[in-house]
Amino acid sequence: MTPRTGTTAQGDESFRRGRLAKATEFLDAADTLRELGGESGVLTSTSPFANAFVVQCVLSGIAAADAICVARTGRYSRTGAHDEAVPVLRAPAGQAVAKHLEVLLAVKNKAEYNAKSVSDTDIVRAGAAAEALESAARSD
């Protein structure tokens with residue numbers, strides 16, 4: 001999928017640093033939720049913080065994707081339709097990195113809007129994807 005015209009905006013080094021700081025902040029918040037709601041650091045779908053953990057992972061991943069894109073191209077996805085950010089990220093970062101954002105976006109609505117809670121698998125996958133994106137953003 002090619003990004004639609006007008007869905008990206010220019011970002012500078014200050015913007016990149018700000019988005020990276022937010023990616024880290026959201027990931028730190030997710031880790032705090034994991035500690036509060038998990039037995040021995042393991043969060044499960046029965047935890048009262050399961051959905052909040054996944055939402056923080058999603059927010060971290062979106063911010064990290066912006067930071068990666070700005071570091072590599074000087075542009076980021078400015079659309080509110082987060083799935084449109086995937087090709088913007090894939091172009092400079094590759095399919096493996098973009099896949100992490102896809103994983104997060106696939107569970108976003110379930111964590112935020114569904115009556116049903118996220119699954120144990122969703123929790124593990126969201127945590128790993130957010131950590132991978134934040135790490136990639138930090139290395140740029």
# chains A, B, ... in the order shown; residues from 1 in each chain; ligands from 1

$ residues_around --residues "A:Val86" --least-positions-apart "6" --cutoff "8 Å" --atoms "only C-alpha atoms" --output "ChimeraX atom specification"
/A:98,101-102

$ write_last_selection --atoms "N, CA and C atoms" --output "PDB file, in the first residue's frame"
ATOM      1  N   ALA A  98       7.957  -2.691  10.200  1.00  0.00           N
ATOM      2  CA  ALA A  98       6.561  -2.315   9.967  1.00  0.00           C
ATOM      3  C   ALA A  98       5.607  -3.368  10.535  1.00  0.00           C
ATOM      4  N   LEU A 101       4.391  -2.603  14.017  1.00  0.00           N
ATOM      5  CA  LEU A 101       3.296  -1.629  14.069  1.00  0.00           C
ATOM      6  C   LEU A 101       1.984  -2.291  13.669  1.00  0.00           C
ATOM      7  N   GLU A 102       2.009  -3.169  12.681  1.00  0.00           N
ATOM      8  CA  GLU A 102       0.803  -3.890  12.274  1.00  0.00           C
ATOM      9  C   GLU A 102       0.244  -4.722  13.427  1.00  0.00           C
TER      10      GLU A 102
END

$ residues_around --residues "A:Ser117" --least-positions-apart "3" --cutoff "7 Å" --atoms "only C-alpha atoms" --output "JSON, numbers by chain"
{"A": [45, 51, 111]}

$ closest_residue --among "A:Lys108, A:Arg34, A:His82, A:Lys99" --to "A:Ala129" --atoms "only C-alpha atoms"
A:Lys99

$ closest_residue --among "A:Val70, A:Leu89, A:Val55, A:Ala9" --to "A:Ala106" --atoms "only C-alpha atoms"
A:Val55

$ closest_residue --among "A:Leu105, A:Val97, A:Val124, A:Ala81" --to "A:Ile68" --atoms "only C-alpha atoms"
A:Val97

$ residues_around --residues "A:Ala52" --least-positions-apart "2" --cutoff "8 Å" --atoms "only C-alpha atoms" --output "PyMOL selection string"
chain A and resi 30+33+49-50+54-56+111

$ write_last_selection --atoms "N, CA and C atoms" --output "mmCIF file, in the first residue's frame"
data_model
loop_
_atom_site.group_PDB
_atom_site.id
_atom_site.type_symbol
_atom_site.label_atom_id
_atom_site.label_comp_id
_atom_site.auth_asym_id
_atom_site.auth_seq_id
_atom_site.Cartn_x
_atom_site.Cartn_y
_atom_site.Cartn_z
ATOM 1 N N ALA A 30 3.536 1.233 30.412
ATOM 2 C CA ALA A 30 3.115 -0.154 30.202
ATOM 3 C C ALA A 30 3.844 -1.084 31.169
ATOM 4 N N LEU A 33 2.308 -0.839 34.563
ATOM 5 C CA LEU A 33 1.050 -1.584 34.602
ATOM 6 C C LEU A 33 1.307 -3.085 34.691
ATOM 7 N N PHE A 49 -5.389 -4.565 34.571
ATOM 8 C CA PHE A 49 -4.612 -3.620 33.762
ATOM 9 C C PHE A 49 -4.264 -4.158 32.371
ATOM 10 N N ALA A 50 -4.836 -5.283 31.986
ATOM 11 C CA ALA A 50 -4.476 -5.919 30.711
ATOM 12 C C ALA A 50 -4.717 -4.999 29.519
ATOM 13 N N VAL A 54 -1.937 -2.873 26.988
ATOM 14 C CA VAL A 54 -1.890 -2.967 25.527
ATOM 15 C C VAL A 54 -2.047 -1.580 24.899
ATOM 16 N N VAL A 55 -2.930 -0.758 25.424
ATOM 17 C CA VAL A 55 -3.111 0.595 24.886
ATOM 18 C C VAL A 55 -1.810 1.398 25.013
ATOM 19 N N GLN A 56 -1.136 1.293 26.134
ATOM 20 C CA GLN A 56 0.139 1.995 26.293
ATOM 21 C C GLN A 56 1.175 1.476 25.298
ATOM 22 N N ALA A 111 -8.439 -3.590 22.473
ATOM 23 C CA ALA A 111 -8.044 -3.090 23.789
ATOM 24 C C ALA A 111 -8.828 -1.843 24.182
#

$ select_by_dssp --residues "stretch 52-139 of chain A" --states "alpha helix (DSSP H)" --output "PyMOL selection string"
chain A and resi 52-73+85-93+95-112+120-139
